[in-house]
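Data file: data-v2.csv. Format and content: CSV, N, CA and C atoms.
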```csv
chain,number,residue,atom,x,y,z
A,1,MET,N,-75.6,-1.2,40.0
A,1,MET,CA,-74.4,-0.6,40.4
A,1,MET,C,-74.4,-0.5,41.9
A,2,SER,N,-73.2,-0.2,42.4
A,2,SER,CA,-73.0,-0.1,43.8
A,2,SER,C,-73.6,1.0,44.5
A,3,ILE,N,-73.6,1.0,45.9
A,3,ILE,CA,-74.0,2.1,46.7
A,3,ILE,C,-72.8,2.6,47.5
A,4,VAL,N,-72.8,3.9,47.8
A,4,VAL,CA,-71.7,4.5,48.6
A,4,VAL,C,-72.3,5.1,49.9
A,5,LYS,N,-71.6,4.8,51.0
A,5,LYS,CA,-72.0,5.4,52.3
A,5,LYS,C,-70.8,6.3,52.7
A,6,ILE,N,-71.0,7.5,53.0
A,6,ILE,CA,-69.9,8.4,53.5
A,6,ILE,C,-70.3,8.9,54.9
A,7,ASN,N,-69.6,8.5,55.9
A,7,ASN,CA,-69.8,8.9,57.3
A,7,ASN,C,-69.0,10.2,57.5
A,8,VAL,N,-69.6,11.3,57.7
A,8,VAL,CA,-68.9,12.6,57.9
A,8,VAL,C,-68.7,12.7,59.4
A,9,LEU,N,-67.4,12.7,59.8
A,9,LEU,CA,-67.1,12.8,61.3
A,9,LEU,C,-66.5,14.1,61.6
A,10,THR,N,-67.0,14.9,62.5
A,10,THR,CA,-66.4,16.1,62.9
A,10,THR,C,-65.5,15.7,64.0
A,11,VAL,N,-64.2,16.0,63.8
A,11,VAL,CA,-63.1,15.6,64.7
A,11,VAL,C,-62.3,16.8,65.2
A,12,PRO,N,-62.3,17.1,66.5
A,12,PRO,CA,-61.5,18.2,67.0
A,12,PRO,C,-60.0,17.9,66.7
A,13,ALA,N,-59.2,18.9,66.5
A,13,ALA,CA,-57.8,18.8,66.2
A,13,ALA,C,-57.1,17.8,67.2
A,14,GLU,N,-57.4,18.0,68.4
A,14,GLU,CA,-56.7,17.1,69.5
A,14,GLU,C,-57.1,15.7,69.4
A,15,GLN,N,-58.2,15.3,68.7
A,15,GLN,CA,-58.6,13.9,68.6
A,15,GLN,C,-58.3,13.3,67.3
A,16,ARG,N,-57.6,14.0,66.3
A,16,ARG,CA,-57.3,13.4,65.0
A,16,ARG,C,-56.5,12.2,65.1
A,17,GLU,N,-55.4,12.2,65.9
A,17,GLU,CA,-54.5,11.1,66.0
A,17,GLU,C,-55.3,9.9,66.6
A,18,VAL,N,-56.1,10.2,67.6
A,18,VAL,CA,-56.9,9.1,68.2
A,18,VAL,C,-57.8,8.4,67.2
A,19,LEU,N,-58.5,9.2,66.4
A,19,LEU,CA,-59.4,8.7,65.4
A,19,LEU,C,-58.6,7.8,64.4
A,20,GLU,N,-57.5,8.3,63.9
A,20,GLU,CA,-56.7,7.6,62.9
A,20,GLU,C,-56.2,6.3,63.5
A,21,GLN,N,-55.8,6.3,64.7
A,21,GLN,CA,-55.2,5.1,65.4
A,21,GLN,C,-56.4,4.0,65.6
A,22,ARG,N,-57.5,4.5,65.9
A,22,ARG,CA,-58.7,3.6,66.1
A,22,ARG,C,-59.0,2.9,64.8
A,23,PHE,N,-59.0,3.7,63.7
A,23,PHE,CA,-59.3,3.1,62.4
A,23,PHE,C,-58.2,2.1,62.0
A,24,ALA,N,-56.9,2.5,62.2
A,24,ALA,CA,-55.8,1.6,61.9
A,24,ALA,C,-55.9,0.3,62.7
A,25,SER,N,-56.4,0.3,63.9
A,25,SER,CA,-56.5,-0.9,64.7
A,25,SER,C,-57.6,-1.8,64.3
A,26,ARG,N,-58.6,-1.2,63.5
A,26,ARG,CA,-59.7,-2.0,63.0
A,26,ARG,C,-59.5,-2.6,61.6
A,27,ALA,N,-58.3,-2.4,61.1
A,27,ALA,CA,-58.0,-2.9,59.7
A,27,ALA,C,-58.4,-4.3,59.6
A,28,GLY,N,-59.2,-4.6,58.5
A,28,GLY,CA,-59.6,-5.9,58.2
A,28,GLY,C,-61.0,-6.2,58.8
A,29,ALA,N,-61.6,-5.3,59.6
A,29,ALA,CA,-62.8,-5.6,60.3
A,29,ALA,C,-64.0,-5.6,59.3
A,30,VAL,N,-64.0,-4.9,58.2
A,30,VAL,CA,-65.1,-4.8,57.3
A,30,VAL,C,-64.8,-5.5,56.0
A,31,GLU,N,-63.6,-5.7,55.7
A,31,GLU,CA,-63.2,-6.3,54.4
A,31,GLU,C,-63.7,-7.6,54.1
A,32,GLY,N,-64.0,-8.4,55.0
A,32,GLY,CA,-64.6,-9.8,54.8
A,32,GLY,C,-66.1,-9.8,54.7
A,33,SER,N,-66.7,-8.7,54.9
A,33,SER,CA,-68.2,-8.6,54.9
A,33,SER,C,-68.8,-8.8,53.5
A,34,ASP,N,-69.9,-9.6,53.4
A,34,ASP,CA,-70.5,-9.9,52.2
A,34,ASP,C,-71.0,-8.6,51.5
A,35,GLY,N,-70.6,-8.4,50.3
A,35,GLY,CA,-71.1,-7.2,49.6
A,35,GLY,C,-70.2,-6.0,49.7
A,36,PHE,N,-69.2,-6.1,50.6
A,36,PHE,CA,-68.2,-5.0,50.8
A,36,PHE,C,-67.3,-4.8,49.6
A,37,GLU,N,-67.1,-3.6,49.1
A,37,GLU,CA,-66.3,-3.3,47.9
A,37,GLU,C,-65.1,-2.4,48.1
A,38,TRP,N,-65.2,-1.4,49.0
A,38,TRP,CA,-64.1,-0.5,49.2
A,38,TRP,C,-64.3,0.3,50.5
A,39,PHE,N,-63.1,0.7,51.1
A,39,PHE,CA,-63.1,1.6,52.2
A,39,PHE,C,-61.9,2.6,52.1
A,40,GLU,N,-62.2,3.8,52.5
A,40,GLU,CA,-61.2,4.9,52.6
A,40,GLU,C,-61.5,5.8,53.8
A,41,LEU,N,-60.5,6.1,54.6
A,41,LEU,CA,-60.6,7.1,55.6
A,41,LEU,C,-59.9,8.4,55.0
A,42,LEU,N,-60.6,9.5,54.9
A,42,LEU,CA,-60.1,10.7,54.2
A,42,LEU,C,-59.9,11.7,55.3
A,43,ARG,N,-58.6,12.2,55.4
A,43,ARG,CA,-58.2,13.2,56.4
A,43,ARG,C,-58.4,14.6,55.7
A,44,PRO,N,-59.0,15.5,56.5
A,44,PRO,CA,-59.1,16.9,55.9
A,44,PRO,C,-57.7,17.5,55.8
A,45,VAL,N,-57.5,18.3,54.7
A,45,VAL,CA,-56.3,18.9,54.4
A,45,VAL,C,-56.3,20.4,54.9
A,46,GLU,N,-57.4,21.1,54.6
A,46,GLU,CA,-57.5,22.4,55.0
A,46,GLU,C,-59.0,22.9,55.0
A,47,GLY,N,-59.3,23.8,55.9
A,47,GLY,CA,-60.6,24.4,55.9
A,47,GLY,C,-61.7,23.7,56.6
A,48,THR,N,-61.5,22.5,57.1
A,48,THR,CA,-62.6,21.8,57.8
A,48,THR,C,-62.0,20.8,58.9
A,49,ASP,N,-62.8,20.5,59.8
A,49,ASP,CA,-62.4,19.5,60.8
A,49,ASP,C,-63.2,18.2,60.6
A,50,GLN,N,-63.7,18.0,59.4
A,50,GLN,CA,-64.5,16.8,59.1
A,50,GLN,C,-63.7,15.7,58.3
A,51,TYR,N,-63.6,14.5,58.9
A,51,TYR,CA,-63.1,13.4,58.2
A,51,TYR,C,-64.2,12.7,57.4
A,52,LEU,N,-63.9,12.1,56.3
A,52,LEU,CA,-64.9,11.3,55.5
A,52,LEU,C,-64.5,9.8,55.6
A,53,VAL,N,-65.4,9.0,56.0
A,53,VAL,CA,-65.2,7.5,56.0
A,53,VAL,C,-66.1,7.0,54.8
A,54,TYR,N,-65.4,6.7,53.7
A,54,TYR,CA,-66.0,6.2,52.5
A,54,TYR,C,-66.0,4.7,52.4
A,55,THR,N,-67.2,4.2,52.2
A,55,THR,CA,-67.4,2.7,52.0
A,55,THR,C,-68.3,2.6,50.8
A,56,ARG,N,-68.0,1.5,50.0
A,56,ARG,CA,-68.8,1.2,48.8
A,56,ARG,C,-69.2,-0.3,49.0
A,57,TRP,N,-70.5,-0.5,48.7
A,57,TRP,CA,-71.2,-1.8,48.9
A,57,TRP,C,-71.9,-2.2,47.6
A,58,ARG,N,-72.0,-3.5,47.5
A,58,ARG,CA,-72.8,-4.1,46.3
A,58,ARG,C,-74.2,-3.6,46.3
A,59,SER,N,-74.8,-3.5,47.5
A,59,SER,CA,-76.3,-3.2,47.6
A,59,SER,C,-76.5,-2.6,49.0
A,60,GLU,N,-77.7,-1.9,49.1
A,60,GLU,CA,-78.1,-1.4,50.4
A,60,GLU,C,-78.4,-2.5,51.4
A,61,GLU,N,-78.9,-3.6,50.9
A,61,GLU,CA,-79.1,-4.8,51.8
A,61,GLU,C,-77.8,-5.3,52.4
A,62,ASP,N,-76.7,-5.3,51.6
A,62,ASP,CA,-75.4,-5.8,52.1
A,62,ASP,C,-74.9,-4.8,53.2
A,63,PHE,N,-75.1,-3.5,53.0
A,63,PHE,CA,-74.7,-2.5,53.9
A,63,PHE,C,-75.5,-2.6,55.2
A,64,GLN,N,-76.8,-2.8,55.1
A,64,GLN,CA,-77.7,-2.9,56.3
A,64,GLN,C,-77.3,-4.2,57.1
A,65,ALA,N,-77.0,-5.3,56.4
A,65,ALA,CA,-76.6,-6.5,57.1
A,65,ALA,C,-75.4,-6.3,57.9
A,66,TRP,N,-74.4,-5.6,57.3
A,66,TRP,CA,-73.2,-5.3,58.0
A,66,TRP,C,-73.5,-4.4,59.2
A,67,MET,N,-74.3,-3.4,59.0
A,67,MET,CA,-74.7,-2.4,60.1
A,67,MET,C,-75.3,-3.2,61.3
A,68,GLU,N,-76.2,-4.1,61.0
A,68,GLU,CA,-77.0,-4.8,62.0
A,68,GLU,C,-76.2,-6.0,62.6
A,69,GLY,N,-75.1,-6.4,62.0
A,69,GLY,CA,-74.3,-7.5,62.5
A,69,GLY,C,-73.0,-7.1,63.0
A,70,PRO,N,-71.9,-7.2,62.1
A,70,PRO,CA,-70.6,-7.0,62.6
A,70,PRO,C,-70.3,-5.6,63.1
A,71,MET,N,-70.8,-4.5,62.5
A,71,MET,CA,-70.6,-3.2,62.9
A,71,MET,C,-71.2,-2.9,64.3
A,72,LYS,N,-72.5,-3.3,64.4
A,72,LYS,CA,-73.2,-3.1,65.7
A,72,LYS,C,-72.5,-3.9,66.8
A,73,ALA,N,-72.1,-5.1,66.6
A,73,ALA,CA,-71.4,-5.9,67.6
A,73,ALA,C,-70.1,-5.3,68.0
A,74,ALA,N,-69.3,-4.7,67.0
A,74,ALA,CA,-68.0,-4.1,67.3
A,74,ALA,C,-68.2,-2.9,68.1
A,75,HIS,N,-69.2,-2.0,67.8
A,75,HIS,CA,-69.3,-0.8,68.6
A,75,HIS,C,-70.0,-1.0,70.0
A,76,GLN,N,-70.9,-2.0,70.1
A,76,GLN,CA,-71.5,-2.3,71.4
A,76,GLN,C,-70.5,-3.0,72.3
A,77,GLY,N,-69.7,-3.8,71.7
A,77,GLY,CA,-68.8,-4.6,72.5
A,77,GLY,C,-67.4,-4.0,72.7
A,78,GLY,N,-67.3,-2.7,72.3
A,78,GLY,CA,-66.0,-2.0,72.6
A,78,GLY,C,-65.0,-2.4,71.6
A,79,GLY,N,-65.4,-2.9,70.4
A,79,GLY,CA,-64.5,-3.2,69.3
A,79,GLY,C,-63.9,-2.0,68.7
A,80,ALA,N,-62.9,-2.1,67.8
A,80,ALA,CA,-62.2,-1.0,67.2
A,80,ALA,C,-63.1,-0.2,66.3
A,81,GLY,N,-62.9,1.0,66.1
A,81,GLY,CA,-63.7,1.9,65.2
A,81,GLY,C,-63.7,3.3,65.7
A,82,ALA,N,-64.6,4.1,65.2
A,82,ALA,CA,-64.6,5.5,65.5
A,82,ALA,C,-65.0,5.7,67.0
A,83,GLY,N,-65.7,4.7,67.6
A,83,GLY,CA,-66.2,4.9,68.9
A,83,GLY,C,-65.4,4.2,70.0
A,84,ALA,N,-64.4,3.4,69.6
A,84,ALA,CA,-63.6,2.6,70.5
A,84,ALA,C,-62.1,2.8,70.2
A,85,GLY,N,-61.3,2.2,71.1
A,85,GLY,CA,-59.9,2.3,70.8
A,85,GLY,C,-59.1,1.9,72.0
A,86,ALA,N,-57.8,2.1,71.9
A,86,ALA,CA,-56.8,1.8,72.9
A,86,ALA,C,-56.9,2.7,74.1
A,87,GLY,N,-56.5,2.2,75.2
A,87,GLY,CA,-56.5,3.0,76.4
A,87,GLY,C,-57.7,2.8,77.3
A,88,ALA,N,-58.7,2.0,76.9
A,88,ALA,CA,-59.8,1.8,77.8
A,88,ALA,C,-59.6,0.5,78.5
A,89,GLY,N,-60.0,0.5,79.8
A,89,GLY,CA,-59.9,-0.7,80.6
A,89,GLY,C,-61.0,-1.7,80.2
A,90,ALA,N,-61.0,-2.9,80.8
A,90,ALA,CA,-62.0,-3.9,80.5
A,90,ALA,C,-63.4,-3.3,80.9
A,91,GLY,N,-64.3,-3.4,80.0
A,91,GLY,CA,-65.7,-3.0,80.2
A,91,GLY,C,-65.9,-1.5,80.1
A,92,GLU,N,-64.8,-0.7,79.9
A,92,GLU,CA,-64.9,0.7,79.9
A,92,GLU,C,-64.9,1.2,78.4
A,93,ARG,N,-65.9,2.0,78.1
A,93,ARG,CA,-66.0,2.5,76.7
A,93,ARG,C,-65.2,3.8,76.6
A,94,PRO,N,-64.3,3.9,75.7
A,94,PRO,CA,-63.6,5.2,75.6
A,94,PRO,C,-64.4,6.3,75.0
A,95,LYS,N,-64.1,7.5,75.2
A,95,LYS,CA,-64.8,8.7,74.7
A,95,LYS,C,-64.7,8.6,73.2
A,96,PRO,N,-65.8,8.9,72.4
A,96,PRO,CA,-65.7,9.0,71.0
A,96,PRO,C,-64.7,10.1,70.5
A,97,ALA,N,-64.0,9.8,69.5
A,97,ALA,CA,-63.0,10.8,68.9
A,97,ALA,C,-63.8,11.9,68.2
A,98,ALA,N,-64.9,11.5,67.6
A,98,ALA,CA,-65.7,12.5,66.8
A,98,ALA,C,-66.7,13.2,67.7
A,99,SER,N,-67.0,14.5,67.4
A,99,SER,CA,-68.0,15.2,68.2
A,99,SER,C,-69.3,15.2,67.5
A,100,ALA,N,-69.4,14.8,66.2
A,100,ALA,CA,-70.6,14.7,65.5
A,100,ALA,C,-70.4,13.7,64.3
A,101,SER,N,-71.5,13.1,63.8
A,101,SER,CA,-71.5,12.2,62.7
A,101,SER,C,-72.7,12.3,61.9
A,102,THR,N,-72.6,12.3,60.6
A,102,THR,CA,-73.7,12.3,59.6
A,102,THR,C,-73.3,11.3,58.5
A,103,VAL,N,-74.3,10.5,58.1
A,103,VAL,CA,-74.1,9.5,57.0
A,103,VAL,C,-74.8,10.0,55.8
A,104,TRP,N,-74.0,10.1,54.7
A,104,TRP,CA,-74.5,10.4,53.4
A,104,TRP,C,-74.6,9.1,52.6
A,105,SER,N,-75.7,9.0,51.8
A,105,SER,CA,-75.9,7.8,51.0
A,105,SER,C,-76.0,8.2,49.5
A,106,PHE,N,-75.3,7.4,48.6
A,106,PHE,CA,-75.3,7.7,47.2
A,106,PHE,C,-75.5,6.3,46.4
A,107,GLU,N,-76.0,6.4,45.2
A,107,GLU,CA,-76.0,5.3,44.3
A,107,GLU,C,-74.9,5.6,43.3
A,108,VAL,N,-74.1,4.7,42.9
A,108,VAL,CA,-73.1,4.9,41.8
A,108,VAL,C,-73.9,4.8,40.5
A,109,VAL,N,-73.9,5.9,39.7
A,109,VAL,CA,-74.5,5.8,38.4
A,109,VAL,C,-73.5,5.8,37.3
A,110,GLN,N,-72.3,6.3,37.5
A,110,GLN,CA,-71.2,6.2,36.6
A,110,GLN,C,-69.9,6.0,37.3
A,111,GLN,N,-69.0,5.3,36.7
A,111,GLN,CA,-67.7,5.2,37.3
A,111,GLN,C,-66.7,4.9,36.2
A,112,ALA,N,-65.4,5.2,36.5
A,112,ALA,CA,-64.3,5.1,35.6
A,112,ALA,C,-63.0,4.8,36.3
A,113,GLY,N,-62.1,4.1,35.7
A,113,GLY,CA,-60.8,3.9,36.2
A,113,GLY,C,-59.8,4.3,35.2
A,114,PRO,N,-58.5,4.2,35.6
A,114,PRO,CA,-57.5,4.5,34.6
A,114,PRO,C,-57.5,3.6,33.4
A,115,LYS,N,-57.2,4.2,32.2
A,115,LYS,CA,-57.1,3.4,31.0
A,115,LYS,C,-56.0,2.4,31.1
A,116,GLN,N,-56.2,1.2,30.6
A,116,GLN,CA,-55.2,0.1,30.6
A,116,GLN,C,-54.4,0.2,29.3
A,117,GLU,N,-53.1,0.1,29.5
A,117,GLU,CA,-52.2,0.1,28.3
A,117,GLU,C,-52.3,-1.2,27.6
A,118,ALA,N,-52.3,-1.2,26.3
A,118,ALA,CA,-52.5,-2.4,25.5
A,118,ALA,C,-51.2,-3.2,25.4
```
If you convert what's in this file into structure tokens, what do you get?
Amino acid sequence: MSIVKINVLTVPAEQREVLEQRFASRAGAVEGSDGFEWFELLRPVEGTDQYLVYTRWRSEEDFQAWMEGPMKAAHQGGGAGAGAGAGAGAGERPKPAASASTVWSFEVVQQAGPKQEA
């Protein structure tokens, strides 16, 4: 079964729009990665300032390959994502939108989808 990685990003209220715009501008950046299965950016509704970045992968090895390749290159090179975005000049790294980040890891042991009509 798949593995799930949830990046918990603490985002001050004044940085929410910046974070969402940065993720919107990176659309497609992970979707072509080997072993990638799903992505969701979850905005908090009430009671917290933490966004959840949900990704599902075929295996831990696929996730690590993405982390060491495309993700690392995008963040080091000023590519789009949580740590980069519009408004930075050439060679200038914009301030991260999140003030803290924690990654949770899970194995999928059960899953279900909607029942299909016959």
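Atom N of A:Asp62 is found 28.6 Å from atom N of A:Pro94.
Distance check against A:Phe63 using only C-alpha atoms: of A:Glu46, A:Glu117, A:Asp34, A:Glu40, the minimum falls on A:Asp34.
Note that the spacing between atom C of A:Ser105 and atom CA of A:Leu52 amounts to 13.0 Å.
Considering the residues A:Arg56, A:Pro70, A:Glu37, A:Glu31 and counting only C-alpha atoms, A:Phe106 has its shortest atom-to-atom contact with A:Arg56.
The coordinates place atom CA of A:Val11 at 28.8 Å from atom C of A:Arg58.
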Inset, instruction - Quick one: pick out all strand (DSSP E) residues within chain A from a backbone DSSP run and write them as a count of residues only. - result: 31
Could you work out an axis-aligned box for stretch 12-24 of chain A, taking every atom the file lists and adding 8 Å on each side, and report centre and edge lengths in Å to one decimal, as lines of an AutoDock Vina configuration file?
```
center_x = -58.4
center_y = 9.6
center_z = 65.7
size_x = 23.8
size_y = 34.6
size_z = 23.6
```
Inset, instruction - Extract the full set of helix (DSSP H, G or I) residues from chain A according to DSSP on the backbone, and format it as a count of residues only. - result: 30
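Polymer residues near (-61.3, 7.1, 60.0): counting only C-alpha atoms with a cut-off of 10 Å, they are Asn7, Val8, Leu9, Val11, Arg16, Glu17, Val18, Leu19, Glu20, Gln21, Arg22, Phe23, Ala24, Arg26, Phe39, Glu40, Leu41, Leu42, Arg43, Tyr51, Leu52, Val53, Tyr54, Gly81, Ala82, Ala97 and Ala98 of chain A.
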Please return stretch 45-68 of chain A, rebuilt to N, CA, C and O atoms, as an mmCIF file, in the frame of the given file.
```
data_model
loop_
_atom_site.group_PDB
_atom_site.id
_atom_site.type_symbol
_atom_site.label_atom_id
_atom_site.label_comp_id
_atom_site.auth_asym_id
_atom_site.auth_seq_id
_atom_site.Cartn_x
_atom_site.Cartn_y
_atom_site.Cartn_z
ATOM 1 N N VAL A 45 -57.500 18.300 54.700
ATOM 2 C CA VAL A 45 -56.300 18.900 54.400
ATOM 3 C C VAL A 45 -56.300 20.400 54.900
ATOM 4 O O VAL A 45 -55.386 20.844 55.555
ATOM 5 N N GLU A 46 -57.400 21.100 54.600
ATOM 6 C CA GLU A 46 -57.500 22.400 55.000
ATOM 7 C C GLU A 46 -59.000 22.900 55.000
ATOM 8 O O GLU A 46 -59.784 22.362 54.294
ATOM 9 N N GLY A 47 -59.300 23.800 55.900
ATOM 10 C CA GLY A 47 -60.600 24.400 55.900
ATOM 11 C C GLY A 47 -61.700 23.700 56.600
ATOM 12 O O GLY A 47 -62.852 24.181 56.566
ATOM 13 N N THR A 48 -61.500 22.500 57.100
ATOM 14 C CA THR A 48 -62.600 21.800 57.800
ATOM 15 C C THR A 48 -62.000 20.800 58.900
ATOM 16 O O THR A 48 -60.788 20.498 58.818
ATOM 17 N N ASP A 49 -62.800 20.500 59.800
ATOM 18 C CA ASP A 49 -62.400 19.500 60.800
ATOM 19 C C ASP A 49 -63.200 18.200 60.600
ATOM 20 O O ASP A 49 -63.332 17.358 61.497
ATOM 21 N N GLN A 50 -63.700 18.000 59.400
ATOM 22 C CA GLN A 50 -64.500 16.800 59.100
ATOM 23 C C GLN A 50 -63.700 15.700 58.300
ATOM 24 O O GLN A 50 -63.187 16.017 57.205
ATOM 25 N N TYR A 51 -63.600 14.500 58.900
ATOM 26 C CA TYR A 51 -63.100 13.400 58.200
ATOM 27 C C TYR A 51 -64.200 12.700 57.400
ATOM 28 O O TYR A 51 -65.387 12.806 57.807
ATOM 29 N N LEU A 52 -63.900 12.100 56.300
ATOM 30 C CA LEU A 52 -64.900 11.300 55.500
ATOM 31 C C LEU A 52 -64.500 9.800 55.600
ATOM 32 O O LEU A 52 -63.356 9.478 55.293
ATOM 33 N N VAL A 53 -65.400 9.000 56.000
ATOM 34 C CA VAL A 53 -65.200 7.500 56.000
ATOM 35 C C VAL A 53 -66.100 7.000 54.800
ATOM 36 O O VAL A 53 -67.284 7.001 54.855
ATOM 37 N N TYR A 54 -65.400 6.700 53.700
ATOM 38 C CA TYR A 54 -66.000 6.200 52.500
ATOM 39 C C TYR A 54 -66.000 4.700 52.400
ATOM 40 O O TYR A 54 -65.008 4.066 52.556
ATOM 41 N N THR A 55 -67.200 4.200 52.200
ATOM 42 C CA THR A 55 -67.400 2.700 52.000
ATOM 43 C C THR A 55 -68.300 2.600 50.800
ATOM 44 O O THR A 55 -69.210 3.324 50.554
ATOM 45 N N ARG A 56 -68.000 1.500 50.000
ATOM 46 C CA ARG A 56 -68.800 1.200 48.800
ATOM 47 C C ARG A 56 -69.200 -0.300 49.000
ATOM 48 O O ARG A 56 -68.479 -1.121 49.402
ATOM 49 N N TRP A 57 -70.500 -0.500 48.700
ATOM 50 C CA TRP A 57 -71.200 -1.800 48.900
ATOM 51 C C TRP A 57 -71.900 -2.200 47.600
ATOM 52 O O TRP A 57 -72.353 -1.395 46.840
ATOM 53 N N ARG A 58 -72.000 -3.500 47.500
ATOM 54 C CA ARG A 58 -72.800 -4.100 46.300
ATOM 55 C C ARG A 58 -74.200 -3.600 46.300
ATOM 56 O O ARG A 58 -74.811 -3.399 45.282
ATOM 57 N N SER A 59 -74.800 -3.500 47.500
ATOM 58 C CA SER A 59 -76.300 -3.200 47.600
ATOM 59 C C SER A 59 -76.500 -2.600 49.000
ATOM 60 O O SER A 59 -75.773 -2.739 49.954
ATOM 61 N N GLU A 60 -77.700 -1.900 49.100
ATOM 62 C CA GLU A 60 -78.100 -1.400 50.400
ATOM 63 C C GLU A 60 -78.400 -2.500 51.400
ATOM 64 O O GLU A 60 -78.077 -2.353 52.556
ATOM 65 N N GLU A 61 -78.900 -3.600 50.900
ATOM 66 C CA GLU A 61 -79.100 -4.800 51.800
ATOM 67 C C GLU A 61 -77.800 -5.300 52.400
ATOM 68 O O GLU A 61 -77.775 -5.634 53.573
ATOM 69 N N ASP A 62 -76.700 -5.300 51.600
ATOM 70 C CA ASP A 62 -75.400 -5.800 52.100
ATOM 71 C C ASP A 62 -74.900 -4.800 53.200
ATOM 72 O O ASP A 62 -74.431 -5.198 54.259
ATOM 73 N N PHE A 63 -75.100 -3.500 53.000
ATOM 74 C CA PHE A 63 -74.700 -2.500 53.900
ATOM 75 C C PHE A 63 -75.500 -2.600 55.200
ATOM 76 O O PHE A 63 -74.930 -2.639 56.321
ATOM 77 N N GLN A 64 -76.800 -2.800 55.100
ATOM 78 C CA GLN A 64 -77.700 -2.900 56.300
ATOM 79 C C GLN A 64 -77.300 -4.200 57.100
ATOM 80 O O GLN A 64 -77.344 -4.152 58.310
ATOM 81 N N ALA A 65 -77.000 -5.300 56.400
ATOM 82 C CA ALA A 65 -76.600 -6.500 57.100
ATOM 83 C C ALA A 65 -75.400 -6.300 57.900
ATOM 84 O O ALA A 65 -75.244 -6.785 59.000
ATOM 85 N N TRP A 66 -74.400 -5.600 57.300
ATOM 86 C CA TRP A 66 -73.200 -5.300 58.000
ATOM 87 C C TRP A 66 -73.500 -4.400 59.200
ATOM 88 O O TRP A 66 -72.948 -4.589 60.335
ATOM 89 N N MET A 67 -74.300 -3.400 59.000
ATOM 90 C CA MET A 67 -74.700 -2.400 60.100
ATOM 91 C C MET A 67 -75.300 -3.200 61.300
ATOM 92 O O MET A 67 -75.031 -2.888 62.453
ATOM 93 N N GLU A 68 -76.200 -4.100 61.000
ATOM 94 C CA GLU A 68 -77.000 -4.800 62.000
ATOM 95 C C GLU A 68 -76.200 -6.000 62.600
ATOM 96 O O GLU A 68 -76.514 -6.436 63.707
#
```
